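To be precise, the following lines are upload08.txt, and they hold compact mmCIF, C-alpha atoms (C1' of nucleotides).
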# COMPACT_ATOMS: atom_id res chain seq x y z
CA MET E 141 -32.76 -13.64 1.19
CA THR E 142 -33.28 -15.21 -2.22
CA ARG E 143 -35.11 -12.09 -3.27
CA ARG E 144 -33.25 -9.29 -4.90
CA ASP E 145 -31.97 -6.84 -2.35
CA PRO E 146 -29.51 -4.35 -3.78
CA GLU E 147 -29.35 -2.29 -0.61
CA GLY E 148 -28.68 -5.31 1.54
CA ARG E 149 -26.13 -6.59 -0.90
CA ARG E 150 -24.29 -3.33 -0.93
CA GLN E 151 -24.27 -3.30 2.85
CA ALA E 152 -23.11 -6.91 2.95
CA ILE E 153 -20.12 -5.99 0.81
CA ILE E 154 -19.29 -3.06 3.08
CA ASP E 155 -19.52 -5.29 6.15
CA ALA E 156 -17.32 -7.87 4.48
CA ALA E 157 -14.80 -5.18 3.58
CA GLY E 158 -14.74 -4.14 7.22
CA ARG E 159 -13.97 -7.67 8.33
CA VAL E 160 -11.18 -8.01 5.77
CA ILE E 161 -9.72 -4.68 6.90
CA ALA E 162 -9.86 -5.78 10.52
CA ARG E 163 -8.05 -8.97 9.61
CA GLU E 164 -5.46 -7.78 7.10
CA GLY E 165 -5.42 -4.00 7.23
CA VAL E 166 -6.58 -1.51 4.64
CA GLY E 167 -3.70 -2.46 2.38
CA GLY E 168 -4.89 -6.05 2.37
CA LEU E 169 -8.33 -5.24 1.05
CA THR E 170 -9.00 -6.26 -2.55
CA HIS E 171 -12.13 -6.59 -4.61
CA ARG E 172 -11.71 -10.34 -4.64
CA LYS E 173 -11.28 -10.71 -0.89
CA ALA E 174 -14.28 -8.53 -0.15
CA ALA E 175 -16.38 -10.50 -2.62
CA ALA E 176 -15.30 -13.85 -1.20
CA GLU E 177 -15.92 -12.65 2.36
CA ALA E 178 -19.38 -11.41 1.43
CA GLY E 179 -20.17 -14.53 -0.57
CA VAL E 180 -20.92 -12.61 -3.75
CA PRO E 181 -19.28 -12.85 -7.15
CA LEU E 182 -16.44 -10.54 -8.02
CA GLY E 183 -18.59 -8.61 -10.44
CA ALA E 184 -20.86 -7.48 -7.61
CA THR E 185 -18.18 -5.46 -5.85
CA THR E 186 -17.21 -3.61 -9.01
CA TYR E 187 -20.85 -3.03 -9.79
CA TYR E 188 -21.59 -1.31 -6.49
CA PHE E 189 -18.25 0.42 -6.08
CA THR E 190 -16.54 2.03 -9.01
CA GLY E 191 -13.07 1.75 -7.55
CA LEU E 192 -11.45 0.19 -4.56
CA SER E 193 -11.00 3.49 -2.77
CA GLU E 194 -14.73 4.05 -2.99
CA LEU E 195 -15.25 0.80 -1.11
CA ILE E 196 -12.72 1.82 1.51
CA THR E 197 -14.43 5.17 1.94
CA ALA E 198 -17.81 3.45 2.30
CA ALA E 199 -16.39 1.16 4.96
CA PHE E 200 -15.02 4.16 6.81
CA GLU E 201 -18.32 6.01 6.60
CA ASP E 202 -19.96 2.92 7.99
CA THR E 203 -17.83 3.08 11.11
CA ALA E 204 -18.71 6.74 11.61
CA GLY E 205 -22.10 5.77 12.98
CA ALA E 206 -20.57 3.54 15.61
CA SER E 207 -18.09 6.29 16.46
CA ARG E 208 -20.88 8.78 16.98
CA GLU E 209 -22.59 6.44 19.41
CA LEU E 210 -19.33 5.87 21.23
CA LEU E 211 -18.76 9.59 21.60
CA ALA E 212 -22.31 10.19 22.77
CA ALA E 213 -21.94 7.48 25.40
CA LEU E 214 -18.64 8.97 26.46
CA GLY E 215 -20.19 12.40 26.80
CA GLU E 216 -22.95 11.09 29.02
CA ALA E 217 -20.57 9.05 31.14
CA LEU E 218 -18.29 12.04 31.71
CA ALA E 219 -21.22 14.23 32.66
CA ALA E 220 -22.39 11.68 35.22
CA SER E 221 -18.95 11.04 36.67
CA ALA E 222 -17.44 12.66 39.72
CA ASP E 223 -13.97 12.07 38.31
CA PRO E 224 -14.01 12.70 34.55
CA PRO E 225 -10.30 11.97 33.93
CA ALA E 226 -10.57 8.59 35.63
CA GLU E 227 -13.73 7.82 33.73
CA LEU E 228 -12.09 8.75 30.45
CA ALA E 229 -9.09 6.58 31.30
CA ARG E 230 -11.34 3.67 32.15
CA ARG E 231 -13.28 3.90 28.91
CA THR E 232 -10.21 4.43 26.78
CA ARG E 233 -8.63 1.33 28.18
CA ALA E 234 -11.81 -0.65 27.71
CA TYR E 235 -12.00 0.54 24.13
CA LEU E 236 -8.46 -0.48 23.31
CA ALA E 237 -8.76 -3.79 25.13
CA GLU E 238 -11.26 -4.96 22.52
CA PRO E 239 -9.11 -4.91 19.44
CA GLU E 240 -11.34 -7.16 17.36
CA ARG E 241 -14.31 -4.89 17.89
CA PHE E 242 -12.74 -1.59 16.90
CA ARG E 243 -9.92 -2.76 14.72
CA THR E 244 -11.71 -1.78 11.53
CA ALA E 245 -12.23 1.79 12.71
CA ASN E 246 -8.67 2.05 13.95
CA GLU E 247 -7.20 0.68 10.75
CA LEU E 248 -9.18 3.14 8.70
CA TYR E 249 -8.21 6.01 10.95
CA LEU E 250 -4.55 5.06 10.60
CA ALA E 251 -4.92 4.72 6.84
CA ALA E 252 -5.91 8.37 6.63
CA ALA E 253 -2.21 9.14 6.98
CA HIS E 254 -1.71 7.76 3.47
CA ARG E 255 -5.05 8.48 1.85
CA PRO E 256 -6.02 12.12 1.77
CA GLU E 257 -9.55 11.22 0.72
CA LEU E 258 -10.08 9.67 4.17
CA ARG E 259 -8.99 12.76 6.05
CA PRO E 260 -12.42 14.40 6.29
CA LEU E 261 -13.75 11.20 7.84
CA ALA E 262 -10.86 11.05 10.27
CA ARG E 263 -11.66 14.60 11.31
CA LEU E 264 -15.15 13.48 12.27
CA TRP E 265 -13.69 11.37 15.05
CA THR E 266 -11.01 13.85 15.96
CA ASP E 267 -13.35 16.83 16.18
CA GLY E 268 -16.10 14.86 17.85
CA LEU E 269 -13.77 13.73 20.59
CA THR E 270 -12.47 17.26 21.07
CA ASP E 271 -16.02 18.57 21.40
CA VAL E 272 -16.89 16.01 24.03
CA LEU E 273 -13.81 16.92 26.07
CA THR E 274 -14.05 20.68 25.76
CA PRO E 275 -16.43 21.20 28.73
CA TYR E 276 -13.96 19.48 31.01
CA ALA E 277 -10.68 20.93 29.79
CA GLY E 278 -11.32 23.92 27.58
CA ALA E 279 -10.95 23.89 23.83
CA ALA E 280 -7.16 24.00 23.65
CA ARG E 281 -6.54 21.26 26.19
CA ALA E 282 -9.34 19.18 24.70
CA ARG E 283 -7.47 19.19 21.40
CA THR E 284 -4.31 18.22 23.23
CA ILE E 285 -6.02 15.33 24.98
CA ALA E 286 -7.42 14.10 21.69
CA VAL E 287 -3.87 14.11 20.29
CA PHE E 288 -2.66 12.23 23.34
CA LEU E 289 -5.33 9.59 22.84
CA ASP E 290 -4.18 9.27 19.24
CA GLY E 291 -0.79 8.42 20.66
CA VAL E 292 -2.29 5.86 22.98
CA LEU E 293 -4.03 4.28 20.00
CA LEU E 294 -0.90 4.21 17.86
CA ARG E 295 1.17 2.81 20.68
CA THR E 296 -1.40 0.11 21.31
CA LEU E 297 -1.37 -0.88 17.66
CA ILE E 298 2.43 -0.98 17.58
CA THR E 299 2.96 -2.89 20.79
CA GLY E 300 -0.17 -4.99 20.57
CA THR E 301 -0.84 -4.27 24.24
CA PRO E 302 -3.50 -1.94 25.63
CA PRO E 303 -2.27 0.72 28.06
CA ASP E 304 -2.38 0.36 31.82
CA GLU E 305 -5.10 2.41 33.40
CA PRO E 306 -3.24 4.17 36.25
CA PRO E 307 -0.70 6.08 34.11
CA LEU E 308 -3.48 6.86 31.69
CA ALA E 309 -5.59 8.37 34.44
CA ASP E 310 -2.57 10.23 35.75
CA ALA E 311 -1.83 11.77 32.37
CA LEU E 312 -5.44 12.70 31.71
CA THR E 313 -5.77 14.26 35.13
CA ALA E 314 -2.68 16.37 34.49
CA LEU E 315 -3.99 17.48 31.11
CA MET E 316 -7.48 18.28 32.35
CA ARG E 317 -6.33 20.37 35.26
CA ARG E 318 -6.57 24.01 34.31
CA MET D 227 32.63 3.84 -8.72
CA THR D 228 33.25 1.57 -11.71
CA ARG D 229 34.99 -0.85 -9.40
CA ARG D 230 33.05 -3.56 -7.71
CA ASP D 231 31.65 -2.43 -4.42
CA PRO D 232 29.17 -4.86 -2.92
CA GLU D 233 28.95 -2.96 0.33
CA GLY D 234 28.26 0.32 -1.40
CA ARG D 235 25.76 -1.29 -3.71
CA ARG D 236 23.86 -2.81 -0.86
CA GLN D 237 23.79 0.56 0.86
CA ALA D 238 22.66 2.26 -2.35
CA ILE D 239 19.71 -0.12 -2.52
CA ILE D 240 18.82 0.60 1.10
CA ASP D 241 19.00 4.34 0.48
CA ALA D 242 16.84 3.98 -2.60
CA ALA D 243 14.32 1.94 -0.62
CA GLY D 244 14.19 4.74 1.94
CA ARG D 245 13.40 7.28 -0.74
CA VAL D 246 10.68 5.09 -2.20
CA ILE D 247 9.19 4.61 1.26
CA ALA D 248 9.27 8.35 1.88
CA ARG D 249 7.47 8.93 -1.39
CA GLU D 250 4.93 6.11 -1.46
CA GLY D 251 4.88 4.56 1.97
CA VAL D 252 6.07 1.14 3.09
CA GLY D 253 3.23 -0.50 1.21
CA GLY D 254 4.42 1.08 -2.01
CA LEU D 255 7.87 -0.41 -1.83
CA THR D 256 8.60 -3.17 -4.34
CA HIS D 257 11.76 -4.84 -5.54
CA ARG D 258 11.36 -3.20 -8.89
CA LYS D 259 10.87 0.32 -7.59
CA ALA D 260 13.84 0.07 -5.26
CA ALA D 261 16.00 -1.24 -8.12
CA ALA D 262 14.90 1.52 -10.49
CA GLU D 263 15.45 4.20 -7.83
CA ALA D 264 18.94 2.86 -7.11
CA GLY D 265 19.76 2.49 -10.78
CA VAL D 266 20.55 -1.21 -10.48
CA PRO D 267 18.94 -4.18 -12.22
CA LEU D 268 16.11 -6.03 -10.57
CA GLY D 269 18.31 -9.02 -9.89
CA ALA D 270 20.55 -6.96 -7.62
CA THR D 271 17.83 -6.33 -5.05
CA THR D 272 16.95 -9.99 -4.80
CA TYR D 273 20.62 -10.88 -4.61
CA TYR D 274 21.28 -8.71 -1.58
CA PHE D 275 17.93 -9.16 0.12
CA THR D 276 16.26 -12.54 0.25
CA GLY D 277 12.77 -11.15 0.63
CA LEU D 278 11.09 -7.80 0.56
CA SER D 279 10.60 -7.68 4.31
CA GLU D 280 14.33 -8.07 4.73
CA LEU D 281 14.83 -4.94 2.65
CA ILE D 282 12.26 -3.07 4.71
CA THR D 283 13.95 -4.14 7.92
CA ALA D 284 17.31 -3.03 6.57
CA ALA D 285 15.87 0.37 5.67
CA PHE D 286 14.46 0.69 9.16
CA GLU D 287 17.77 -0.28 10.76
CA ASP D 288 19.39 2.35 8.63
CA THR D 289 17.20 5.04 10.14
CA ALA D 290 18.06 3.87 13.64
CA GLY D 291 21.45 5.52 13.40
CA ALA D 292 19.91 8.87 12.54
CA SER D 293 17.41 8.42 15.36
CA ARG D 294 20.17 7.80 17.85
CA GLU D 295 21.88 11.02 16.82
CA LEU D 296 18.61 12.89 17.08
CA LEU D 297 18.00 11.58 20.59
CA ALA D 298 21.54 12.39 21.67
CA ALA D 299 21.16 15.93 20.39
CA LEU D 300 17.83 16.22 22.17
CA GLY D 301 19.38 15.01 25.42
CA GLU D 302 22.11 17.62 25.25
CA ALA D 303 19.72 20.40 24.32
CA LEU D 304 17.43 19.58 27.23
CA ALA D 305 20.34 19.48 29.65
CA ALA D 306 21.48 22.90 28.51
CA SER D 307 18.04 24.47 28.54
CA ALA D 308 16.49 26.49 31.32
CA ASP D 309 13.04 25.48 30.15
CA PRO D 310 13.11 21.82 29.06
CA PRO D 311 9.41 21.57 28.09
CA ALA D 312 9.68 24.59 25.83
CA GLU D 313 12.87 23.25 24.31
CA LEU D 314 11.25 19.86 23.68
CA ALA D 315 8.26 21.57 22.08
CA ARG D 316 10.52 23.63 19.87
CA ARG D 317 12.48 20.64 18.65
CA THR D 318 9.41 18.47 18.17
CA ARG D 319 7.85 21.10 16.01
CA ALA D 320 11.05 21.56 14.04
CA TYR D 321 11.25 17.81 13.52
CA LEU D 322 7.73 17.51 12.22
CA ALA D 323 8.01 20.61 10.06
CA GLU D 324 10.55 18.82 7.87
CA PRO D 325 8.42 16.00 6.57
CA GLU D 326 10.67 15.12 3.65
CA ARG D 327 13.64 14.61 5.93
CA PHE D 328 12.07 12.27 8.44
CA ARG D 329 9.28 10.78 6.44
CA THR D 330 11.10 7.50 5.92
CA ALA D 331 11.60 6.99 9.65
CA ASN D 332 8.02 7.97 10.38
CA GLU D 333 6.59 5.68 7.73
CA LEU D 334 8.58 2.77 9.05
CA TYR D 335 7.56 3.53 12.61
CA LEU D 336 3.93 3.61 11.56
CA ALA D 337 4.35 0.39 9.60
CA ALA D 338 5.31 -1.41 12.81
CA ALA D 339 1.61 -1.44 13.61
CA HIS D 340 1.16 -3.98 10.83
CA ARG D 341 4.51 -5.74 10.76
CA PRO D 342 5.47 -7.43 14.00
CA GLU D 343 9.01 -7.95 12.76
CA LEU D 344 9.51 -4.17 12.91
CA ARG D 345 8.38 -3.84 16.50
CA PRO D 346 11.80 -4.33 18.11
CA LEU D 347 13.14 -1.52 15.93
CA ALA D 348 10.21 0.71 16.85
CA ARG D 349 10.99 0.09 20.51
CA LEU D 350 14.48 1.47 19.96
CA TRP D 351 13.00 4.89 19.27
CA THR D 352 10.28 4.59 21.88
CA ASP D 353 12.61 3.49 24.66
CA GLY D 354 15.36 5.87 23.65
CA LEU D 355 13.00 8.82 23.82
CA THR D 356 11.68 7.69 27.20
CA ASP D 357 15.22 7.42 28.56
CA VAL D 358 16.07 10.92 27.41
CA LEU D 359 12.99 12.34 29.10
CA THR D 360 13.19 10.39 32.35
CA PRO D 361 15.55 12.84 34.14
CA TYR D 362 13.06 15.64 33.58
CA ALA D 363 9.80 13.89 34.31
CA GLY D 364 10.41 10.60 36.05
CA ALA D 365 10.09 7.23 34.33
CA ALA D 366 6.30 7.01 34.33
CA ARG D 367 5.67 10.49 32.99
CA ALA D 368 8.50 10.08 30.47
CA ARG D 369 6.65 7.11 29.03
CA THR D 370 3.49 9.16 28.94
CA ILE D 371 5.19 12.02 27.13
CA ALA D 372 6.63 9.61 24.57
CA VAL D 373 3.11 8.33 23.94
CA PHE D 374 1.86 11.89 23.59
CA LEU D 375 4.56 12.61 21.03
CA ASP D 376 3.44 9.51 19.13
CA GLY D 377 0.04 11.14 18.98
CA VAL D 378 1.53 14.37 17.71
CA LEU D 379 3.31 12.40 15.01
CA LEU D 380 0.20 10.48 13.96
CA ARG D 381 -1.91 13.62 13.93
CA THR D 382 0.68 15.40 11.80
CA LEU D 383 0.71 12.55 9.31
CA ILE D 384 -3.09 12.49 9.16
CA THR D 385 -3.65 16.21 8.86
CA GLY D 386 -0.50 16.97 6.90
CA THR D 387 0.12 19.95 9.16
CA PRO D 388 2.75 20.19 11.91
CA PRO D 389 1.46 21.19 15.35
CA ASP D 390 1.56 24.73 16.67
CA GLU D 391 4.25 25.26 19.24
CA PRO D 392 2.36 27.04 22.06
CA PRO D 393 -0.17 24.28 22.80
CA LEU D 394 2.64 21.76 22.45
CA ALA D 395 4.72 23.58 25.05
CA ASP D 396 1.66 23.93 27.27
CA ALA D 397 0.95 20.20 27.14
CA LEU D 398 4.56 19.21 27.72
CA THR D 399 4.85 21.59 30.64
CA ALA D 400 1.76 20.09 32.22
CA LEU D 401 3.08 16.56 31.73
CA MET D 402 6.56 17.33 33.03
CA ARG D 403 5.36 19.01 36.18
CA ARG D 404 5.64 16.56 39.03
C1' DT Q 114 -48.55 -8.63 -21.05
C1' DC Q 115 -44.58 -6.44 -22.52
C1' DC Q 116 -40.48 -3.89 -22.17
C1' DG Q 117 -36.99 -0.87 -20.30
C1' DT Q 118 -34.23 -0.69 -16.36
C1' DA Q 119 -31.62 -2.43 -12.66
C1' DC Q 120 -29.22 -6.13 -11.18
C1' DT Q 121 -26.35 -10.51 -11.51
C1' DA Q 122 -22.58 -13.54 -12.78
C1' DG Q 123 -18.89 -15.25 -15.05
C1' DT Q 124 -14.99 -14.34 -17.72
C1' DA Q 125 -11.19 -11.96 -19.85
C1' DC Q 126 -7.19 -8.80 -20.21
C1' DG Q 127 -3.19 -6.28 -19.29
C1' DA Q 128 -0.24 -4.89 -15.64
C1' DA Q 129 2.56 -5.47 -11.65
C1' DC Q 130 4.25 -8.30 -8.42
C1' DG Q 131 7.78 -11.78 -5.63
C1' DT Q 132 10.92 -14.88 -6.57
C1' DA Q 133 13.95 -18.13 -8.86
C1' DC Q 134 17.54 -19.19 -11.86
C1' DA Q 135 21.14 -19.71 -15.38
C1' DG Q 136 24.89 -18.00 -17.25
C1' DG Q 137 28.46 -14.27 -17.72
C1' DA Q 138 32.06 -11.27 -15.59
C1' DA Q 139 35.26 -9.73 -12.28
C1' DT Q 140 38.18 -10.81 -8.39
C1' DG Q 141 41.49 -12.91 -5.23
C1' DC Q 142 44.38 -16.79 -4.29
C1' DC Q 143 47.76 -20.44 -5.55
C1' DG Z 34 48.21 -18.48 -15.77
C1' DG Z 35 44.61 -21.33 -13.75
C1' DC Z 36 40.71 -21.66 -10.83
C1' DA Z 37 37.27 -21.25 -7.20
C1' DT Z 38 34.50 -17.79 -5.34
C1' DT Z 39 31.88 -13.92 -5.37
C1' DC Z 40 29.30 -10.68 -7.73
C1' DC Z 41 26.28 -9.33 -11.40
C1' DT Z 42 22.38 -9.27 -14.87
C1' DG Z 43 18.58 -10.47 -17.77
C1' DT Z 44 14.81 -13.25 -18.21
C1' DA Z 45 11.14 -16.26 -17.08
C1' DC Z 46 7.26 -18.29 -14.23
C1' DG Z 47 3.28 -18.30 -11.73
C1' DT Z 48 0.21 -15.45 -8.99
C1' DT Z 49 -2.75 -11.74 -7.93
C1' DC Z 50 -4.56 -7.66 -8.86
C1' DG Z 51 -8.06 -3.71 -10.80
C1' DT Z 52 -11.16 -3.20 -14.04
C1' DA Z 53 -14.05 -3.87 -17.99
C1' DC Z 54 -17.41 -6.29 -20.47
C1' DT Z 55 -21.03 -9.41 -22.17
C1' DA Z 56 -24.80 -12.09 -21.74
C1' DG Z 57 -28.45 -13.31 -18.99
C1' DT Z 58 -32.22 -12.56 -15.26
C1' DA Z 59 -35.69 -10.47 -12.28
C1' DC Z 60 -38.59 -6.56 -11.59
C1' DG Z 61 -41.96 -2.73 -12.01
C1' DG Z 62 -44.49 0.43 -14.59
C1' DA Z 63 -47.29 1.17 -18.90
Please express what this file holds, its structure, as structure tokens.
Amino acid sequence: MTRRDPEGRRQAIIDAAGRVIAREGVGGLTHRKAAAEAGVPLGATTYYFTGLSELITAAFEDTAGASRELLAALGEALAASADPPAELARRTRAYLAEPERFRTANELYLAAAHRPELRPLARLWTDGLTDVLTPYAGAARARTIAVFLDGVLLRTLITGTPPDEPPLADALTALMRR
Amino acid sequence: MTRRDPEGRRQAIIDAAGRVIAREGVGGLTHRKAAAEAGVPLGATTYYFTGLSELITAAFEDTAGASRELLAALGEALAASADPPAELARRTRAYLAEPERFRTANELYLAAAHRPELRPLARLWTDGLTDVLTPYAGAARARTIAVFLDGVLLRTLITGTPPDEPPLADALTALMRR
DNA sequence: TCCGTACTAGTACGAACGTACAGGAATGCC
DNA sequence: GGCATTCCTGTACGTTCGTACTAGTACGGA
């Protein structure tokens, strides 16, 4: 690690930014905090990222990979399940019950409300989720369910408590029924 | 207005804070911006509000009154309507189509995700909406619909576009059916 | 081996911030 | 009229921030 490793350094800064965002929110991210968290001098963060919003965008892009995997796993699980709404409810709850693991992605998604430059990235999640749900509910209802899950996310962030599974399954069943 | 009017001055600062929040978000609110917007010296904002979070809380409390009126109007409209889900969809869309009018309340509601001290105030809206919906959907489904409407709000803030009414009415009808 | 390029690190600057405070002005009470 | 209280205002302090910049260091191709 003593060798020069620009790529690894850049990634280390992005990872550090993600941890800071998880801890203090997007608004709490600064060049200095990211640098301290990554264990690099302040100059390094401004060298690799022209402005702060570029670092935020990079952190968001970094979560997109994890989101894609999550959606792929969800798609497979739904296909294999005899009761897709219940399976979706189960996985949604599991997702939201691990705040520390997905907090970065959630914070960034929420931040898109204030930062138009993050909107295209937010759409990646939004549209991906809709696509996964379409086979089970049709395109229109799939969009609706994705909106509903946005609400579940927001409510979880506001109350600090993940949703109960039964009402979740009930709602998803109602929305998936054609 | 040349007379001394502490009460009015305090209220003027709160109103100014609301406008700043609507324009730049809760994170963009500072003592100085609120003072400039209200046309009072910086010292005035620190005289009436010990800390910044106290000013934010006051601004949020100020929107609670408007929210109560909105919920009361919604309750009456639903009671008088032959098609409550459609009526709810219509009013939800109308609400979200006026971003400048409700932006302050929405920003503050969203900010509760990061500021635990705002959570009790957020619950006022959440619980009030659930109560209004309970007669038409039962307690459990009313909670679910309130969560769904949170999602509609978040999605509107992220995309910058209010929802279409037909899919909204479709979703609400499905969720209200017992 | 040399040299241009890419990287590193520390520092500096101006701006904005929260907050405190000291002193002046108006008000209400006796 | 005198006085305590409340209200008002301007300024100052210390902190943190984004960003820029300079000088130095490792690397990789000629």
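CA of Phe374 (chain D) to CA of Glu391 (chain D) spans 14.3 Å [interatomic distance, one decimal].
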- request: Compare Z:DG43, Z:DG57, Z:DG51, Z:DG62 by their minimum atom-to-atom distance to chain D, counting all atoms listed in the file, and give me the closest one.
  value: Z:DG43
- request: Quick one: everything within 10 Å of DA119 (chain Q), counting only C-alpha atoms (C1' of nucleotides), minus sequence neighbours fewer than 2 positions away in the same chain. Send it as a list of chain:residue names.
  value: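 What passes the distance filter is E:Pro146, Q:DG117, Q:DT121, Z:DA59, Z:DC60.
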May I have the residues from that selection written out with C-alpha atoms (C1' of nucleotides), as an mmCIF file, keeping the file's coordinate frame?
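Result written to result_2.cif:
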data_model
loop_
_atom_site.group_PDB
_atom_site.id
_atom_site.type_symbol
_atom_site.label_atom_id
_atom_site.label_comp_id
_atom_site.auth_asym_id
_atom_site.auth_seq_id
_atom_site.Cartn_x
_atom_site.Cartn_y
_atom_site.Cartn_z
ATOM 1 C CA PRO E 146 -29.510 -4.350 -3.780
ATOM 2 C "C1'" DG Q 117 -36.990 -0.870 -20.300
ATOM 3 C "C1'" DT Q 121 -26.350 -10.510 -11.510
ATOM 4 C "C1'" DA Z 59 -35.690 -10.470 -12.280
ATOM 5 C "C1'" DC Z 60 -38.590 -6.560 -11.590
#
- prompt: When you draw a straight line from CA of Gly234 (chain D) to CA of Glu326 (chain D), how long is it in Å?
  reply: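 So the answer is 23.5 Å.
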- prompt: Can you list, as an MDAnalysis selection string, every protein, DNA or RNA residue that comes within 12 Å of DC46 (chain Z) when you count all atoms listed in the file, leaving out same-chain residues fewer than 6 positions away?
  reply: chainID Q and resid 130:134
statement: From CA of Pro256 (chain E) to CA of Arg172 (chain E) the spacing works out at 24.0 Å
message: I'd like the neighbourhood of DC116 (chain Q) as a PyMOL selection string, where a residue qualifies if any of its atoms comes within 10 Å (using all atoms listed in the file), though same-chain residues fewer than 2 positions away should be ignored.
response: (chain Q and resi 114+118) or (chain Z and resi 62-63)
- prompt: Near chain Z, which residues of chain D fall within 8 Å when you count all atoms listed in the file, and what do they look like as number ranges by chain?
  reply: D: 232, 267, 269-270
Distance filter 10 Å, only C-alpha atoms, chain E against chain D, as a ChimeraX atom specification: /E:164-165,167-168,247,249-256,258-260,262-263,266,280-281,283-300,307-308,310-318
- prompt: Taking only C-alpha atoms (C1' of nucleotides) into account, what are the residues of chain Q at most 9 Å from chain E, put as a VMD selection string?
  reply: chain Q and resid 120 to 123
query: Hey, what's within 9 Å of Asp288 (chain D) if we count all atoms listed in the file and toss same-chain stuff fewer than 3 positions away? As a list in words, please?
result: Ile240, Asp241, Gly244, Thr283, Ala284, Ala285, Gly291 and Ala292 of chain D
If we count all atoms listed in the file and set the cut-off at 12 Å, which residues sit around Arg159 (chain E), ignoring sequence neighbours fewer than 5 positions away in its own chain? Please answer as a short mmCIF file (atom, residue, chain, number, x, y, z; two decimals) with C-alpha atoms, in the coordinates of the input.
data_model
loop_
_atom_site.label_atom_id
_atom_site.label_comp_id
_atom_site.auth_asym_id
_atom_site.auth_seq_id
_atom_site.Cartn_x
_atom_site.Cartn_y
_atom_site.Cartn_z
CA ALA E 152 -23.11 -6.91 2.95
CA ILE E 153 -20.12 -5.99 0.81
CA ILE E 154 -19.29 -3.06 3.08
CA GLU E 164 -5.46 -7.78 7.10
CA GLY E 165 -5.42 -4.00 7.23
CA VAL E 166 -6.58 -1.51 4.64
CA GLY E 168 -4.89 -6.05 2.37
CA LEU E 169 -8.33 -5.24 1.05
CA LYS E 173 -11.28 -10.71 -0.89
CA ALA E 174 -14.28 -8.53 -0.15
CA ALA E 175 -16.38 -10.50 -2.62
CA ALA E 176 -15.30 -13.85 -1.20
CA GLU E 177 -15.92 -12.65 2.36
CA ALA E 178 -19.38 -11.41 1.43
CA ILE E 196 -12.72 1.82 1.51
CA ALA E 199 -16.39 1.16 4.96
CA PHE E 200 -15.02 4.16 6.81
CA THR E 203 -17.83 3.08 11.11
CA GLU E 240 -11.34 -7.16 17.36
CA ARG E 241 -14.31 -4.89 17.89
CA PHE E 242 -12.74 -1.59 16.90
CA ARG E 243 -9.92 -2.76 14.72
CA THR E 244 -11.71 -1.78 11.53
CA ALA E 245 -12.23 1.79 12.71
CA GLU E 247 -7.20 0.68 10.75
CA LEU E 248 -9.18 3.14 8.70
#
